[in-house]
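Okay, structure first, notes after.
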Amino acid sequence: RLLRGARTGRKTDTMERLAAFSRGNKAKRMLRGLYHGKLIKYGNQISHSDRKTRRRWLPNAVTKELYSEILDERIRMRVVTNVLRSIDKYMGFDNYIIMTNPRYLEGIGMSLKMRMLDKLRSEPDLKPDDFLNVSPECWAYLEEFDQKQAVLEARAEEHRLKEQEKQIEREEQVAQWREDMMQAKEAGEELPPRPVEKKRKTAKDIHIERRLAARERRQNRKDNVTRIMNMKQEMKLRKQQQRADS
């Protein structure tokens with residue numbers, strides 16, 4: 001099985017790791033083929049007498065053998081008919097795999113994408129003229145992909161350096177606190193409090209803060225509307241009083 005290694009701890013290859021990472025709540029068979037985001041749909045089968053019977057609609061998947069010019073391999077897999085039409089629209093299997101949004105490529109699709117990009121990256125002598133159905137846009141996509149990866153790696157490195165600086169600062173604070181505590185013990189003074197480490201906000205804490213902020217904004221809008229309505233009512237009563245006095 002594709003995900004057996006991810007469950008049992010056996011050494012897995014890139015395709016299995018990507019499958020285990022991108023699986024989520026998707027069916028396992030969707031990681032062994034190209035389904036372009038097509039999911040199983042559930043509903044009722046309604047008869048003429050209006051009786052409802054639960055049923056499901058599976059994606060229209062077929063077994064096909066597709067040829068990759070970049071990898072020079074014939075790959076047999078399950079694909080939906082929508083993917084076959086998309087391959088014709090992209091003018092080739094390699095073009096579809098490389099230029100399709102990663103969210104539509106689960107498991108084996110992302111594995112093929114990474115292998116193709118690695119092949120183009122490792123062999124810079126390859127050109128579109130060397131292939132029959134590989135578009136020059138694949139090289140442009142590779143360049144854009146590498147730029148995005150460089151930006152993400154730079155951000156990750158910056159975050160790592162910040163965390164490292166915070167860790168050094170915490171260690172210095174603890175060392176200073178220990179030194180102050182030793183001096184206070186020798187002098188018989190009150191012991192200084194231990195420095196409290198600031199806890200990182202969890203996703204649940206952030207969600208609660210956003211909900212509370214949204215509730216406060218709604219309450220402020222209601223208060224403003226109430227205040228404006230009261231002002232209008234007071235002005236109306238004042239005008240009626242003036243008319244009655246005149």
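Starting from 1 in every chain, residues are counted up; chains themselves are A, B, ... following the order of the structure tokens, and ligands are numbered from 1 as listed.
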
All residues 8 Å or closer to stretch 188-199 of chain A, only C-alpha atoms, same chain fewer than 5 positions away omitted, as an NGL selection string: :A and (170 or 173-174 or 177 or 180-181)

Mind running stretch 57-100 of chain A against stretch 117-140 of chain A at 7 Å and telling me each contacting residue's nearest atom pair with the distance in Å (one decimal), counting only C-alpha atoms, chain and number ascending, as a tab-separated table?
residue	atom	partner	partner_atom	distance
A:Glu69	CA	A:Phe131	CA	6.8
A:Met91	CA	A:Asn133	CA	6.5
A:Gly92	CA	A:Asn133	CA	5.4
A:Asp94	CA	A:Val134	CA	6.4
A:Asn95	CA	A:Val134	CA	6.0
A:Ile98	CA	A:Cys138	CA	6.5
A:Met99	CA	A:Cys138	CA	6.8

For the selection you just gave me, I'd like the residues written to a file as a PDB file, in the first residue's frame, keeping C-alpha atoms.
ATOM      1  CA  GLU A  69       9.087  13.244 -22.173  1.00  0.00           C
ATOM      2  CA  MET A  91      -0.702  20.392 -25.040  1.00  0.00           C
ATOM      3  CA  GLY A  92       1.116  17.637 -23.182  1.00  0.00           C
ATOM      4  CA  ASP A  94       4.507  17.306 -18.759  1.00  0.00           C
ATOM      5  CA  ASN A  95       3.016  20.761 -19.282  1.00  0.00           C
ATOM      6  CA  ILE A  98       4.406  21.314 -14.142  1.00  0.00           C
ATOM      7  CA  MET A  99       2.037  24.235 -14.649  1.00  0.00           C
TER       8      MET A  99
END

Distance in Å - atom CA of A:Arg210 versus atom CA of A:Glu163: 25.1 Å

Strand (DSSP E) call set, DSSP backbone run, stretch 15-221 of chain A, as a ChimeraX atom specification: /A:33-34,41-46,52-57,61-68,73-80

Atom CA of A:Ala61 to atom CA of A:Asn82, straight-line distance in Å: 9.0 Å

Could you give me the residues within stretch 10-244 of chain A that DSSP places in alpha helix (DSSP H), as a CSV table (one decimal) with N, CA and C atoms, in the first residue's frame?
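Below is the file states06.csv, written as the result:
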chain,number,residue,atom,x,y,z
A,14,THR,N,9.9,9.7,-1.6
A,14,THR,CA,9.3,11.0,-1.7
A,14,THR,C,7.8,11.0,-2.0
A,15,MET,N,7.4,10.1,-2.9
A,15,MET,CA,6.0,10.0,-3.2
A,15,MET,C,5.1,9.6,-2.0
A,16,GLU,N,5.6,8.7,-1.2
A,16,GLU,CA,4.8,8.3,0.0
A,16,GLU,C,4.8,9.4,1.0
A,17,ARG,N,5.9,10.1,1.2
A,17,ARG,CA,5.9,11.2,2.2
A,17,ARG,C,4.9,12.3,1.7
A,18,LEU,N,5.0,12.6,0.4
A,18,LEU,CA,4.1,13.7,-0.1
A,18,LEU,C,2.6,13.2,0.0
A,19,ALA,N,2.4,11.9,-0.2
A,19,ALA,CA,1.0,11.4,-0.1
A,19,ALA,C,0.6,11.5,1.3
A,20,ALA,N,1.4,11.1,2.3
A,20,ALA,CA,1.0,11.1,3.7
A,20,ALA,C,0.8,12.6,4.1
A,21,PHE,N,1.6,13.5,3.6
A,21,PHE,CA,1.4,14.9,4.0
A,21,PHE,C,0.2,15.6,3.4
A,22,SER,N,-0.1,15.3,2.1
A,22,SER,CA,-1.2,15.9,1.5
A,22,SER,C,-2.5,15.1,1.5
A,81,THR,N,-11.5,11.9,-16.3
A,81,THR,CA,-11.6,12.4,-17.7
A,81,THR,C,-11.3,13.9,-17.7
A,82,ASN,N,-11.6,14.6,-16.7
A,82,ASN,CA,-11.3,16.0,-16.6
A,82,ASN,C,-9.8,16.3,-16.8
A,83,VAL,N,-9.0,15.4,-16.2
A,83,VAL,CA,-7.5,15.5,-16.3
A,83,VAL,C,-7.1,15.3,-17.8
A,84,LEU,N,-7.7,14.3,-18.4
A,84,LEU,CA,-7.4,14.0,-19.8
A,84,LEU,C,-7.7,15.2,-20.7
A,85,ARG,N,-8.8,15.9,-20.5
A,85,ARG,CA,-9.1,17.1,-21.2
A,85,ARG,C,-8.1,18.2,-20.9
A,86,SER,N,-7.7,18.3,-19.6
A,86,SER,CA,-6.8,19.3,-19.3
A,86,SER,C,-5.4,19.1,-19.9
A,87,ILE,N,-5.0,17.8,-20.0
A,87,ILE,CA,-3.7,17.5,-20.7
A,87,ILE,C,-3.8,17.9,-22.1
A,88,ASP,N,-4.9,17.7,-22.8
A,88,ASP,CA,-5.0,18.2,-24.2
A,88,ASP,C,-5.0,19.7,-24.3
A,89,LYS,N,-5.6,20.4,-23.3
A,89,LYS,CA,-5.6,21.8,-23.3
A,89,LYS,C,-4.2,22.4,-23.0
A,93,PHE,N,1.4,16.1,-21.4
A,93,PHE,CA,1.3,15.6,-20.0
A,93,PHE,C,2.3,16.4,-19.1
A,94,ASP,N,3.5,16.6,-19.6
A,94,ASP,CA,4.5,17.3,-18.8
A,94,ASP,C,4.1,18.7,-18.5
A,95,ASN,N,3.5,19.4,-19.5
A,95,ASN,CA,3.0,20.8,-19.3
A,95,ASN,C,1.9,20.8,-18.2
A,96,TYR,N,1.0,19.8,-18.2
A,96,TYR,CA,0.0,19.8,-17.2
A,96,TYR,C,0.5,19.6,-15.8
A,97,ILE,N,1.4,18.7,-15.7
A,97,ILE,CA,2.0,18.4,-14.3
A,97,ILE,C,2.8,19.6,-13.8
A,98,ILE,N,3.5,20.2,-14.6
A,98,ILE,CA,4.4,21.3,-14.1
A,98,ILE,C,3.6,22.6,-13.9
A,99,MET,N,2.7,22.9,-14.7
A,99,MET,CA,2.0,24.2,-14.6
A,99,MET,C,0.7,24.2,-13.9
A,108,ILE,N,0.9,11.3,-5.9
A,108,ILE,CA,1.8,11.0,-7.0
A,108,ILE,C,1.9,12.2,-8.0
A,109,GLY,N,0.9,13.0,-8.0
A,109,GLY,CA,1.1,14.2,-8.9
A,109,GLY,C,2.2,15.2,-8.4
A,110,MET,N,2.2,15.4,-7.1
A,110,MET,CA,3.3,16.3,-6.6
A,110,MET,C,4.6,15.6,-6.7
A,111,SER,N,4.7,14.3,-6.6
A,111,SER,CA,5.9,13.6,-6.7
A,111,SER,C,6.5,13.7,-8.2
A,112,LEU,N,5.6,13.6,-9.2
A,112,LEU,CA,6.0,13.8,-10.6
A,112,LEU,C,6.4,15.2,-10.8
A,113,LYS,N,5.7,16.2,-10.2
A,113,LYS,CA,6.1,17.6,-10.4
A,113,LYS,C,7.5,17.9,-9.9
A,114,MET,N,7.8,17.4,-8.7
A,114,MET,CA,9.1,17.6,-8.1
A,114,MET,C,10.2,16.9,-9.0
A,115,ARG,N,9.9,15.7,-9.4
A,115,ARG,CA,10.9,15.0,-10.2
A,115,ARG,C,11.2,15.7,-11.5
A,116,MET,N,10.1,16.2,-12.2
A,116,MET,CA,10.3,17.0,-13.5
A,116,MET,C,11.1,18.2,-13.2
A,117,LEU,N,10.8,19.0,-12.2
A,117,LEU,CA,11.5,20.2,-11.9
A,117,LEU,C,13.0,19.9,-11.5
A,118,ASP,N,13.2,18.9,-10.8
A,118,ASP,CA,14.6,18.5,-10.5
A,118,ASP,C,15.4,18.1,-11.7
A,119,LYS,N,14.7,17.4,-12.6
A,119,LYS,CA,15.4,17.1,-13.9
A,119,LYS,C,15.7,18.3,-14.7
A,120,LEU,N,14.8,19.2,-14.8
A,120,LEU,CA,15.1,20.5,-15.6
A,120,LEU,C,16.2,21.3,-14.9
A,121,ARG,N,16.2,21.3,-13.5
A,121,ARG,CA,17.2,22.1,-12.8
A,121,ARG,C,18.6,21.5,-12.9
A,122,SER,N,18.6,20.1,-12.8
A,122,SER,CA,19.9,19.4,-12.8
A,122,SER,C,20.6,19.4,-14.2
A,137,GLU,N,7.1,27.5,-21.4
A,137,GLU,CA,6.6,28.1,-20.1
A,137,GLU,C,7.0,27.2,-18.9
A,138,CYS,N,7.4,26.0,-19.2
A,138,CYS,CA,7.9,25.1,-18.1
A,138,CYS,C,9.1,25.7,-17.4
A,139,TRP,N,10.0,26.2,-18.3
A,139,TRP,CA,11.3,26.8,-17.7
A,139,TRP,C,11.0,28.1,-17.0
A,140,ALA,N,10.0,28.9,-17.5
A,140,ALA,CA,9.6,30.1,-16.8
A,140,ALA,C,9.0,29.7,-15.5
A,141,TYR,N,8.2,28.7,-15.4
A,141,TYR,CA,7.6,28.2,-14.2
A,141,TYR,C,8.7,27.8,-13.2
A,142,LEU,N,9.7,27.1,-13.7
A,142,LEU,CA,10.8,26.6,-12.8
A,142,LEU,C,11.5,27.8,-12.2
A,143,GLU,N,11.8,28.8,-13.0
A,143,GLU,CA,12.4,30.0,-12.5
A,143,GLU,C,11.6,30.7,-11.4
A,144,GLU,N,10.3,30.8,-11.7
A,144,GLU,CA,9.4,31.5,-10.7
A,144,GLU,C,9.3,30.6,-9.4
A,145,PHE,N,9.3,29.3,-9.6
A,145,PHE,CA,9.2,28.4,-8.5
A,145,PHE,C,10.4,28.5,-7.6
A,146,ASP,N,11.6,28.6,-8.2
A,146,ASP,CA,12.8,28.7,-7.5
A,146,ASP,C,12.9,30.0,-6.7
A,147,GLN,N,12.4,31.1,-7.4
A,147,GLN,CA,12.4,32.4,-6.7
A,147,GLN,C,11.5,32.3,-5.4
A,148,LYS,N,10.3,31.7,-5.6
A,148,LYS,CA,9.4,31.6,-4.4
A,148,LYS,C,10.0,30.8,-3.3
A,149,GLN,N,10.7,29.7,-3.7
A,149,GLN,CA,11.4,28.8,-2.7
A,149,GLN,C,12.5,29.6,-2.0
A,150,ALA,N,13.2,30.4,-2.8
A,150,ALA,CA,14.3,31.2,-2.1
A,150,ALA,C,13.7,32.2,-1.1
A,151,VAL,N,12.6,32.8,-1.5
A,151,VAL,CA,11.9,33.8,-0.6
A,151,VAL,C,11.5,33.0,0.7
A,152,LEU,N,10.9,31.9,0.5
A,152,LEU,CA,10.4,31.1,1.7
A,152,LEU,C,11.6,30.7,2.6
A,153,GLU,N,12.7,30.2,1.9
A,153,GLU,CA,13.8,29.8,2.7
A,153,GLU,C,14.5,31.0,3.4
A,154,ALA,N,14.5,32.2,2.8
A,154,ALA,CA,15.0,33.4,3.5
A,154,ALA,C,14.1,33.7,4.7
A,155,ARG,N,12.8,33.6,4.5
A,155,ARG,CA,11.9,33.9,5.7
A,155,ARG,C,12.1,32.9,6.8
A,156,ALA,N,12.3,31.6,6.4
A,156,ALA,CA,12.5,30.6,7.4
A,156,ALA,C,13.8,30.8,8.1
A,157,GLU,N,14.9,31.2,7.4
A,157,GLU,CA,16.2,31.5,8.0
A,157,GLU,C,16.1,32.7,9.0
A,158,GLU,N,15.3,33.8,8.5
A,158,GLU,CA,15.2,34.9,9.4
A,158,GLU,C,14.4,34.6,10.6
A,159,HIS,N,13.4,33.7,10.5
A,159,HIS,CA,12.6,33.3,11.7
A,159,HIS,C,13.5,32.5,12.6
A,160,ARG,N,14.4,31.6,12.0
A,160,ARG,CA,15.3,30.8,12.9
A,160,ARG,C,16.3,31.7,13.6
A,161,LEU,N,16.8,32.7,13.0
A,161,LEU,CA,17.7,33.6,13.6
A,161,LEU,C,17.1,34.4,14.8
A,162,LYS,N,15.8,34.8,14.5
A,162,LYS,CA,15.1,35.5,15.6
A,162,LYS,C,14.9,34.6,16.8
A,163,GLU,N,14.5,33.4,16.5
A,163,GLU,CA,14.2,32.4,17.6
A,163,GLU,C,15.5,32.2,18.3
A,164,GLN,N,16.6,32.1,17.6
A,164,GLN,CA,17.9,31.9,18.2
A,164,GLN,C,18.3,33.1,19.1
A,165,GLU,N,18.1,34.3,18.6
A,165,GLU,CA,18.4,35.5,19.5
A,165,GLU,C,17.5,35.5,20.7
A,166,LYS,N,16.2,35.1,20.6
A,166,LYS,CA,15.4,35.1,21.8
A,166,LYS,C,15.8,34.0,22.8
A,167,GLN,N,16.3,32.9,22.2
A,167,GLN,CA,16.8,31.9,23.1
A,167,GLN,C,18.0,32.3,23.9
A,168,ILE,N,18.9,33.0,23.2
A,168,ILE,CA,20.1,33.6,23.8
A,168,ILE,C,19.7,34.6,24.9
A,169,GLU,N,18.8,35.4,24.6
A,169,GLU,CA,18.3,36.5,25.5
A,169,GLU,C,17.7,35.8,26.7
A,170,ARG,N,16.9,34.7,26.6
A,170,ARG,CA,16.3,34.1,27.7
A,170,ARG,C,17.4,33.4,28.6
A,171,GLU,N,18.4,32.8,27.9
A,171,GLU,CA,19.5,32.2,28.7
A,171,GLU,C,20.3,33.3,29.5
A,172,GLU,N,20.5,34.4,28.9
A,172,GLU,CA,21.2,35.5,29.6
A,172,GLU,C,20.3,36.0,30.8
A,173,GLN,N,19.0,36.1,30.6
A,173,GLN,CA,18.2,36.5,31.7
A,173,GLN,C,18.2,35.5,32.9
A,174,VAL,N,18.2,34.2,32.5
A,174,VAL,CA,18.2,33.2,33.6
A,174,VAL,C,19.5,33.2,34.3
A,175,ALA,N,20.6,33.4,33.5
A,175,ALA,CA,22.0,33.5,34.2
A,175,ALA,C,22.1,34.7,35.1
A,176,GLN,N,21.5,35.9,34.7
A,176,GLN,CA,21.5,37.1,35.5
A,176,GLN,C,20.7,36.9,36.7
A,177,TRP,N,19.5,36.2,36.6
A,177,TRP,CA,18.7,35.9,37.7
A,177,TRP,C,19.3,35.0,38.8
A,178,ARG,N,20.1,34.0,38.3
A,178,ARG,CA,20.8,33.1,39.2
A,178,ARG,C,21.9,33.9,40.0
A,179,GLU,N,22.6,34.8,39.2
A,179,GLU,CA,23.6,35.6,39.9
A,179,GLU,C,23.0,36.5,40.9
A,180,ASP,N,21.9,37.2,40.6
A,180,ASP,CA,21.2,38.0,41.5
A,180,ASP,C,20.7,37.3,42.8
A,181,MET,N,20.2,36.0,42.5
A,181,MET,CA,19.7,35.2,43.6
A,181,MET,C,20.8,34.8,44.6
A,182,MET,N,22.0,34.5,44.0
A,182,MET,CA,23.1,34.1,44.9
A,182,MET,C,23.6,35.3,45.7
A,183,GLN,N,23.6,36.5,45.1
A,183,GLN,CA,24.0,37.7,45.8
A,183,GLN,C,23.0,38.0,46.9
A,184,ALA,N,21.7,37.8,46.6
A,184,ALA,CA,20.6,38.1,47.6
A,184,ALA,C,20.7,37.2,48.8
A,185,LYS,N,21.0,35.9,48.5
A,185,LYS,CA,21.2,34.9,49.6
A,185,LYS,C,22.3,35.3,50.5
A,186,GLU,N,23.5,35.7,49.9
A,186,GLU,CA,24.6,36.1,50.7
A,186,GLU,C,24.3,37.3,51.5
A,187,ALA,N,23.6,38.3,51.0
A,187,ALA,CA,23.3,39.5,51.7
A,187,ALA,C,22.0,39.3,52.6
A,203,ALA,N,-2.9,28.5,18.0
A,203,ALA,CA,-3.9,28.8,17.0
A,203,ALA,C,-5.3,29.0,17.7
A,204,LYS,N,-5.5,28.3,18.8
A,204,LYS,CA,-6.8,28.4,19.5
A,204,LYS,C,-6.9,29.8,20.2
A,205,ASP,N,-5.8,30.3,20.8
A,205,ASP,CA,-5.8,31.6,21.4
A,205,ASP,C,-6.0,32.7,20.4
A,206,ILE,N,-5.3,32.6,19.2
A,206,ILE,CA,-5.5,33.6,18.2
A,206,ILE,C,-7.0,33.6,17.7
A,207,HIS,N,-7.6,32.4,17.5
A,207,HIS,CA,-9.0,32.3,17.1
A,207,HIS,C,-9.9,32.9,18.1
A,208,ILE,N,-9.6,32.7,19.4
A,208,ILE,CA,-10.5,33.3,20.5
A,208,ILE,C,-10.3,34.8,20.5
A,209,GLU,N,-9.1,35.3,20.3
A,209,GLU,CA,-8.9,36.8,20.2
A,209,GLU,C,-9.7,37.4,19.1
A,210,ARG,N,-9.6,36.7,17.9
A,210,ARG,CA,-10.3,37.3,16.8
A,210,ARG,C,-11.8,37.3,17.0
A,211,ARG,N,-12.4,36.2,17.6
A,211,ARG,CA,-13.8,36.1,17.9
A,211,ARG,C,-14.2,37.2,18.8
A,212,LEU,N,-13.4,37.5,19.9
A,212,LEU,CA,-13.7,38.5,20.8
A,212,LEU,C,-13.7,39.9,20.2
A,213,ALA,N,-12.6,40.1,19.3
A,213,ALA,CA,-12.5,41.4,18.6
A,213,ALA,C,-13.7,41.6,17.7
A,214,ALA,N,-14.1,40.6,17.0
A,214,ALA,CA,-15.3,40.7,16.1
A,214,ALA,C,-16.6,41.0,16.9
A,215,ARG,N,-16.7,40.3,18.1
A,215,ARG,CA,-17.9,40.6,18.9
A,215,ARG,C,-17.9,42.0,19.5
A,216,GLU,N,-16.7,42.5,19.8
A,216,GLU,CA,-16.6,43.9,20.3
A,216,GLU,C,-17.0,44.9,19.2
A,217,ARG,N,-16.5,44.6,17.9
A,217,ARG,CA,-16.9,45.5,16.8
A,217,ARG,C,-18.4,45.5,16.6
A,218,ARG,N,-19.0,44.3,16.6
A,218,ARG,CA,-20.4,44.2,16.4
A,218,ARG,C,-21.2,45.0,17.5
A,219,GLN,N,-20.7,44.9,18.8
A,219,GLN,CA,-21.4,45.6,19.8
A,219,GLN,C,-21.2,47.1,19.7
A,220,ASN,N,-20.0,47.5,19.2
A,220,ASN,CA,-19.8,49.0,19.0
A,220,ASN,C,-20.7,49.5,17.9
A,221,ARG,N,-20.9,48.7,16.9
A,221,ARG,CA,-21.8,49.2,15.8
A,221,ARG,C,-23.2,49.3,16.3
A,222,LYS,N,-23.7,48.3,17.1
A,222,LYS,CA,-25.0,48.4,17.7
A,222,LYS,C,-25.2,49.6,18.6
A,223,ASP,N,-24.2,49.9,19.4
A,223,ASP,CA,-24.2,51.0,20.3
A,223,ASP,C,-24.3,52.3,19.5
A,224,ASN,N,-23.5,52.4,18.4
A,224,ASN,CA,-23.6,53.6,17.6
A,224,ASN,C,-24.9,53.8,17.0
A,225,VAL,N,-25.5,52.7,16.5
A,225,VAL,CA,-26.8,52.8,15.9
A,225,VAL,C,-27.9,53.2,16.9
A,226,THR,N,-27.8,52.7,18.1
A,226,THR,CA,-28.7,53.0,19.2
A,226,THR,C,-28.5,54.5,19.6
A,227,ARG,N,-27.3,55.0,19.7
A,227,ARG,CA,-27.0,56.3,20.0
A,227,ARG,C,-27.6,57.3,19.0
A,228,ILE,N,-27.4,57.0,17.7
A,228,ILE,CA,-27.9,57.8,16.6
A,228,ILE,C,-29.4,57.9,16.6
A,229,MET,N,-30.1,56.7,16.8
A,229,MET,CA,-31.5,56.7,16.9
A,229,MET,C,-32.1,57.5,18.0
A,230,ASN,N,-31.4,57.4,19.2
A,230,ASN,CA,-31.8,58.2,20.3
A,230,ASN,C,-31.7,59.7,20.1
A,231,MET,N,-30.6,60.1,19.4
A,231,MET,CA,-30.4,61.5,19.1
A,231,MET,C,-31.5,62.0,18.1
A,232,LYS,N,-31.8,61.1,17.1
A,232,LYS,CA,-32.9,61.5,16.2
A,232,LYS,C,-34.2,61.7,16.9
A,233,GLN,N,-34.5,60.7,17.8
A,233,GLN,CA,-35.7,60.8,18.6
A,233,GLN,C,-35.8,62.1,19.4
A,234,GLU,N,-34.7,62.4,20.1
A,234,GLU,CA,-34.7,63.6,20.9
A,234,GLU,C,-34.9,64.9,20.0
A,235,MET,N,-34.2,64.9,18.9
A,235,MET,CA,-34.4,66.1,18.0
A,235,MET,C,-35.9,66.2,17.5
A,236,LYS,N,-36.5,65.0,17.2
A,236,LYS,CA,-37.9,65.0,16.8
A,236,LYS,C,-38.8,65.6,17.9
A,237,LEU,N,-38.6,65.1,19.2
A,237,LEU,CA,-39.4,65.6,20.3
A,237,LEU,C,-39.1,67.0,20.6
A,238,ARG,N,-37.9,67.5,20.4
A,238,ARG,CA,-37.6,68.9,20.6
A,238,ARG,C,-38.3,69.8,19.6
A,239,LYS,N,-38.4,69.3,18.3
A,239,LYS,CA,-39.1,70.1,17.3
A,239,LYS,C,-40.6,70.1,17.6
A,240,GLN,N,-41.1,69.0,18.0
A,240,GLN,CA,-42.5,69.0,18.3
A,240,GLN,C,-42.9,69.9,19.5
A,241,GLN,N,-42.0,70.0,20.5
A,241,GLN,CA,-42.2,70.8,21.6
A,241,GLN,C,-42.1,72.3,21.2
A,242,GLN,N,-41.2,72.6,20.3
A,242,GLN,CA,-41.1,74.0,19.8
A,242,GLN,C,-42.3,74.4,19.1
A,243,ARG,N,-42.8,73.5,18.2
A,243,ARG,CA,-44.1,73.8,17.5
A,243,ARG,C,-45.3,74.0,18.4
A,244,ALA,N,-45.3,73.2,19.4
A,244,ALA,CA,-46.4,73.3,20.4
A,244,ALA,C,-46.3,74.6,21.2
